[in-house]
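First the structure, in the form of C-alpha cells, and then the observations on it.
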Amino acid sequence: MSAISITKGYTGTAIGQIHWRVWEPAGHDGKRDILCLHPSPFSGLAYQNLAPHLASDRRVIAPDYPGYGGSDTTETPSVEHYAELMLAVADDLGSGGPVDLIGFHSGCFVAAEIACMRPDRVAHLCMVDVPAFAPEQTADLIESHKDAFVITDELSCLDAQWEQTFKSRLEPQGRSQAFAMFAEQLRSGERRNEAAIAAFAYPWSERFPQIDSNTLILATQSMLLDETRHCAKAKPGVTLIERLDITRSVLDAAAPATAQEIRAYLDDAS
C-alpha cells in the first residue's frame, strides 16, 4: 500500500462549516475521488479503517453531516439537505467533475439522493447494507427516535451508548477506534437522533428507481440483509453482491473484504 496522507479541514457553506477528512495516496494517477457518506449518529471517522484500503490509487473524502462530528448544526435536517452540503464539500475539494459515492447504512440514502439530484456529478454509486425498511417499520422507528437524547447530571445517562458503541465493538474495532466512535457519537448531544429520523423519513422506494448512475449494492450478513435485498429490487440494472461471510464490523474488521468488493466494482466499471 502506497504512503497515504490524511488531511482534515472545513468547507464553508450557507449553514456554516462542514468538517471533512481526506485520505490521499502519494502520486495517485488522477482516478475519480471517492466521497464517503457515514452512518448516523457518527461522522466521517466511521471510515477510518476502510479509507486506507480504498485510497491506494485515489483520493477518499469523508465529510461530517451538519450537527455531527466537527460540522456546524443545521436547523433543517433532512437527507436532501445533507446531500446538498456533502456535494458542496466535493465541489470545494475537487475539480467539479464526477465522483464515486459510497454510503453505509443511513449514508446510503445521502449517497442515493446526491445521485438523484446531480446525476452529472456521480459516476458510480456503492451502497452497503441499506436500511430499506417497510413503511410500517419506518413509522415505528421514527416514533422511537422522536424524543431528544436526554443528558442528565448522572453518568448513567450514557450507559446505553457505552454498551452499544464501545463494549460491544471492542473485538471487531479495537479499543482505540471503539472509544473514538463512542466519543464521536456524543458530539451531537441532544440532537443525536436527527440524522436517523431524516433517514427513516426518506422516500427511498420513490427515489431509488430514479437513479441513473452505475450502482453496486453490497449486502452483508452483519445486519439489514433482507432490507438490502429488498432495496436491490427497486433499482433496475443494479449490481447486487452478497458477502454472507461478513457477519459484523463491515467498516472495521471486515474493511479489507468490503474494500475489495468496492474497488473491484469501481475498477471494472471505470
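Identifiers in the C-alpha cells: chain A, B, ... in order shown; residue index from 1 per chain; ligand index from 1 in order shown.
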* Near stretch 122-136 of chain A, counting only C-alpha atoms, which residues have an atom at most 6 Å away, once you skip same-chain residues fewer than 5 positions from it, shown as a VMD selection string? -> chain A and resid 98 to 105 108 115 213 to 219 224 227 to 228 231
Export of prior selection with N, CA, C and O atoms as a PDB file, in the first residue's frame:
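That gives us result.pdb:
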ATOM      1  N   PRO A  98     -17.207  14.359 -12.108  1.00  0.00           N
ATOM      2  CA  PRO A  98     -17.899  13.259 -11.434  1.00  0.00           C
ATOM      3  C   PRO A  98     -17.059  12.632 -10.328  1.00  0.00           C
ATOM      4  O   PRO A  98     -15.825  12.598 -10.404  1.00  0.00           O
ATOM      5  N   VAL A  99     -17.738  12.140  -9.312  1.00  0.00           N
ATOM      6  CA  VAL A  99     -17.098  11.419  -8.216  1.00  0.00           C
ATOM      7  C   VAL A  99     -17.780  10.057  -8.082  1.00  0.00           C
ATOM      8  O   VAL A  99     -18.837   9.807  -8.663  1.00  0.00           O
ATOM      9  N   ASP A 100     -17.163   9.173  -7.326  1.00  0.00           N
ATOM     10  CA  ASP A 100     -17.787   7.917  -6.945  1.00  0.00           C
ATOM     11  C   ASP A 100     -18.277   8.049  -5.515  1.00  0.00           C
ATOM     12  O   ASP A 100     -17.598   8.659  -4.678  1.00  0.00           O
ATOM     13  N   LEU A 101     -19.444   7.493  -5.226  1.00  0.00           N
ATOM     14  CA  LEU A 101     -20.060   7.630  -3.908  1.00  0.00           C
ATOM     15  C   LEU A 101     -20.106   6.294  -3.188  1.00  0.00           C
ATOM     16  O   LEU A 101     -20.370   5.256  -3.801  1.00  0.00           O
ATOM     17  N   ILE A 102     -19.871   6.333  -1.878  1.00  0.00           N
ATOM     18  CA  ILE A 102     -20.067   5.166  -1.026  1.00  0.00           C
ATOM     19  C   ILE A 102     -20.957   5.577   0.141  1.00  0.00           C
ATOM     20  O   ILE A 102     -20.696   6.581   0.812  1.00  0.00           O
ATOM     21  N   GLY A 103     -22.007   4.815   0.390  1.00  0.00           N
ATOM     22  CA  GLY A 103     -22.855   5.031   1.554  1.00  0.00           C
ATOM     23  C   GLY A 103     -22.957   3.759   2.366  1.00  0.00           C
ATOM     24  O   GLY A 103     -22.965   2.655   1.807  1.00  0.00           O
ATOM     25  N   PHE A 104     -23.017   3.913   3.665  1.00  0.00           N
ATOM     26  CA  PHE A 104     -23.170   2.771   4.566  1.00  0.00           C
ATOM     27  C   PHE A 104     -24.316   3.062   5.515  1.00  0.00           C
ATOM     28  O   PHE A 104     -24.406   4.151   6.097  1.00  0.00           O
ATOM     29  N   HIS A 105     -25.237   2.109   5.664  1.00  0.00           N
ATOM     30  CA  HIS A 105     -26.444   2.287   6.487  1.00  0.00           C
ATOM     31  C   HIS A 105     -27.155   3.575   6.062  1.00  0.00           C
ATOM     32  O   HIS A 105     -27.460   3.735   4.889  1.00  0.00           O
ATOM     33  N   CYS A 108     -26.294   5.468   2.901  1.00  0.00           N
ATOM     34  CA  CYS A 108     -26.758   5.035   1.580  1.00  0.00           C
ATOM     35  C   CYS A 108     -27.766   6.019   1.009  1.00  0.00           C
ATOM     36  O   CYS A 108     -27.783   6.293  -0.205  1.00  0.00           O
ATOM     37  N   ALA A 115     -27.013  11.229  -6.061  1.00  0.00           N
ATOM     38  CA  ALA A 115     -27.116  10.665  -7.406  1.00  0.00           C
ATOM     39  C   ALA A 115     -28.403  11.104  -8.101  1.00  0.00           C
ATOM     40  O   ALA A 115     -28.427  11.295  -9.324  1.00  0.00           O
ATOM     41  N   SER A 213     -27.086   6.456 -12.226  1.00  0.00           N
ATOM     42  CA  SER A 213     -25.675   6.096 -12.080  1.00  0.00           C
ATOM     43  C   SER A 213     -25.500   4.583 -12.004  1.00  0.00           C
ATOM     44  O   SER A 213     -26.389   3.857 -11.538  1.00  0.00           O
ATOM     45  N   ASN A 214     -24.349   4.102 -12.461  1.00  0.00           N
ATOM     46  CA  ASN A 214     -23.984   2.703 -12.245  1.00  0.00           C
ATOM     47  C   ASN A 214     -23.993   2.439 -10.742  1.00  0.00           C
ATOM     48  O   ASN A 214     -23.381   3.185  -9.978  1.00  0.00           O
ATOM     49  N   THR A 215     -24.668   1.374 -10.328  1.00  0.00           N
ATOM     50  CA  THR A 215     -24.908   1.176  -8.898  1.00  0.00           C
ATOM     51  C   THR A 215     -24.530  -0.221  -8.443  1.00  0.00           C
ATOM     52  O   THR A 215     -24.948  -1.218  -9.034  1.00  0.00           O
ATOM     53  N   LEU A 216     -23.750  -0.268  -7.365  1.00  0.00           N
ATOM     54  CA  LEU A 216     -23.438  -1.505  -6.662  1.00  0.00           C
ATOM     55  C   LEU A 216     -24.161  -1.494  -5.327  1.00  0.00           C
ATOM     56  O   LEU A 216     -24.087  -0.507  -4.583  1.00  0.00           O
ATOM     57  N   ILE A 217     -24.851  -2.568  -5.014  1.00  0.00           N
ATOM     58  CA  ILE A 217     -25.416  -2.761  -3.682  1.00  0.00           C
ATOM     59  C   ILE A 217     -24.715  -3.964  -3.073  1.00  0.00           C
ATOM     60  O   ILE A 217     -24.775  -5.069  -3.621  1.00  0.00           O
ATOM     61  N   LEU A 218     -24.030  -3.728  -1.970  1.00  0.00           N
ATOM     62  CA  LEU A 218     -23.282  -4.779  -1.283  1.00  0.00           C
ATOM     63  C   LEU A 218     -24.042  -5.175  -0.029  1.00  0.00           C
ATOM     64  O   LEU A 218     -24.274  -4.353   0.856  1.00  0.00           O
ATOM     65  N   ALA A 219     -24.455  -6.427   0.024  1.00  0.00           N
ATOM     66  CA  ALA A 219     -25.219  -6.942   1.164  1.00  0.00           C
ATOM     67  C   ALA A 219     -24.331  -7.858   1.993  1.00  0.00           C
ATOM     68  O   ALA A 219     -23.710  -8.779   1.463  1.00  0.00           O
ATOM     69  N   LEU A 224     -29.331  -5.999   8.281  1.00  0.00           N
ATOM     70  CA  LEU A 224     -30.022  -5.403   7.146  1.00  0.00           C
ATOM     71  C   LEU A 224     -29.938  -6.232   5.864  1.00  0.00           C
ATOM     72  O   LEU A 224     -30.083  -5.694   4.765  1.00  0.00           O
ATOM     73  N   GLU A 227     -33.409  -6.273   4.134  1.00  0.00           N
ATOM     74  CA  GLU A 227     -33.725  -4.922   3.668  1.00  0.00           C
ATOM     75  C   GLU A 227     -32.882  -4.551   2.450  1.00  0.00           C
ATOM     76  O   GLU A 227     -33.367  -3.900   1.512  1.00  0.00           O
ATOM     77  N   THR A 228     -31.625  -4.966   2.457  1.00  0.00           N
ATOM     78  CA  THR A 228     -30.740  -4.644   1.339  1.00  0.00           C
ATOM     79  C   THR A 228     -31.152  -5.404   0.089  1.00  0.00           C
ATOM     80  O   THR A 228     -31.152  -4.855  -1.028  1.00  0.00           O
ATOM     81  N   CYS A 231     -34.137  -3.662  -1.269  1.00  0.00           N
ATOM     82  CA  CYS A 231     -33.733  -2.411  -1.907  1.00  0.00           C
ATOM     83  C   CYS A 231     -33.239  -2.659  -3.330  1.00  0.00           C
ATOM     84  O   CYS A 231     -33.541  -1.902  -4.253  1.00  0.00           O
TER      85      CYS A 231
END
* Residues near stretch 25-38 of chain A, cut-off 6 Å, only C-alpha atoms, skip fewer than 3 positions along chain, as a VMD selection string -> chain A and resid 3 to 4 43 to 44 56 to 62 99 to 103 107
Selection from above, C-alpha atoms, as a PDB file, in the first residue's frame, can you write it?
ATOM      1  CA  ALA A   3       2.017   6.148   1.520  1.00  0.00           C
ATOM      2  CA  ILE A   4      -1.265   7.860   2.351  1.00  0.00           C
ATOM      3  CA  SER A  43     -19.222  11.090  11.424  1.00  0.00           C
ATOM      4  CA  GLY A  44     -16.674  10.567   8.674  1.00  0.00           C
ATOM      5  CA  SER A  56      -4.166   3.231  -2.667  1.00  0.00           C
ATOM      6  CA  ASP A  57      -4.657   4.994  -6.012  1.00  0.00           C
ATOM      7  CA  ARG A  58      -7.360   7.592  -5.473  1.00  0.00           C
ATOM      8  CA  ARG A  59      -8.444  10.234  -3.002  1.00  0.00           C
ATOM      9  CA  VAL A  60     -11.077   9.390  -0.392  1.00  0.00           C
ATOM     10  CA  ILE A  61     -13.186  12.165   1.171  1.00  0.00           C
ATOM     11  CA  ALA A  62     -15.336  11.619   4.272  1.00  0.00           C
ATOM     12  CA  VAL A  99     -17.098  11.419  -8.216  1.00  0.00           C
ATOM     13  CA  ASP A 100     -17.787   7.917  -6.945  1.00  0.00           C
ATOM     14  CA  LEU A 101     -20.060   7.630  -3.908  1.00  0.00           C
ATOM     15  CA  ILE A 102     -20.067   5.166  -1.026  1.00  0.00           C
ATOM     16  CA  GLY A 103     -22.855   5.031   1.554  1.00  0.00           C
ATOM     17  CA  GLY A 107     -25.324   7.076   4.462  1.00  0.00           C
TER      18      GLY A 107
END
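Distance check against A:Phe208 using only C-alpha atoms: of A:Trp162, A:Tyr65, A:Tyr265, A:Phe109, the minimum falls on A:Phe109.
In terms of minimum interatomic distance to A:Ser144, A:Asn193 ranks closest within A:Gln260, A:Asn193, A:Ser176, A:Gln164, counting only C-alpha atoms.
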* To do: Write out as number ranges by chain all residues of stretch 128-265 of chain A that DSSP puts in helix (DSSP H, G or I) for this structure's backbone.
  => A: 135-145, 155-173, 175-186, 189-191, 194-201, 204-210, 225-233, 255-265
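The interatomic distance for the pair atom CA of A:Ile151 and atom CA of A:Met181 works out to 18.3 Å.
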Wanna dump the stretch 19-82 of chain A-stretch 5-9 of chain A contacts at 6 Å for me, each residue with its shortest atom pair and the distance in Å to one decimal, counting only C-alpha atoms, ordered by chain and number, as a Markdown table?
| residue | atom | partner | partner_atom | distance |
| --- | --- | --- | --- | --- |
| A:His19 | CA | A:Gly9 | CA | 5.8 |
| A:Trp20 | CA | A:Gly9 | CA | 5.6 |
| A:Arg21 | CA | A:Lys8 | CA | 4.5 |
| A:Val22 | CA | A:Thr7 | CA | 5.1 |
| A:Trp23 | CA | A:Ile6 | CA | 4.6 |
| A:Glu24 | CA | A:Ser5 | CA | 5.3 |
* What lies within 9 Å of A:Leu87 using only C-alpha atoms, ignoring chain neighbours under 2 positions off, as a PyMOL selection string? -> chain A and resi 35+82-85+89-92+114+118+121
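As for atom CA of A:Ile211 and atom CA of A:Glu80, they are spaced 14.4 Å apart.
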* To do: For A:Ala148, list every protein, DNA or RNA residue within 12 Å, evaluated using only C-alpha atoms, and leave out those in the same chain fewer than 4 positions away; present the list as a PyMOL selection string.
  => chain A and resi 142-144+188-197
Those same residues - C-alpha atoms - I'd like them written as a compact mmCIF listing (two decimals), in the first residue's frame.
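out_0.txt written:
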# COMPACT_ATOMS: atom_id res chain seq x y z
CA ILE A 142 -39.46 7.48 13.71
CA GLU A 143 -41.69 7.22 16.76
CA SER A 144 -38.95 5.55 18.81
CA SER A 188 -24.27 15.87 18.57
CA GLY A 189 -25.66 15.96 22.12
CA GLU A 190 -29.42 16.19 22.49
CA ARG A 191 -29.83 16.28 18.70
CA ARG A 192 -28.16 12.91 18.08
CA ASN A 193 -31.36 11.35 16.66
CA GLU A 194 -31.92 13.94 13.93
CA ALA A 195 -29.99 12.15 11.18
CA ALA A 196 -31.68 8.85 11.99
CA ILE A 197 -35.12 10.42 11.75
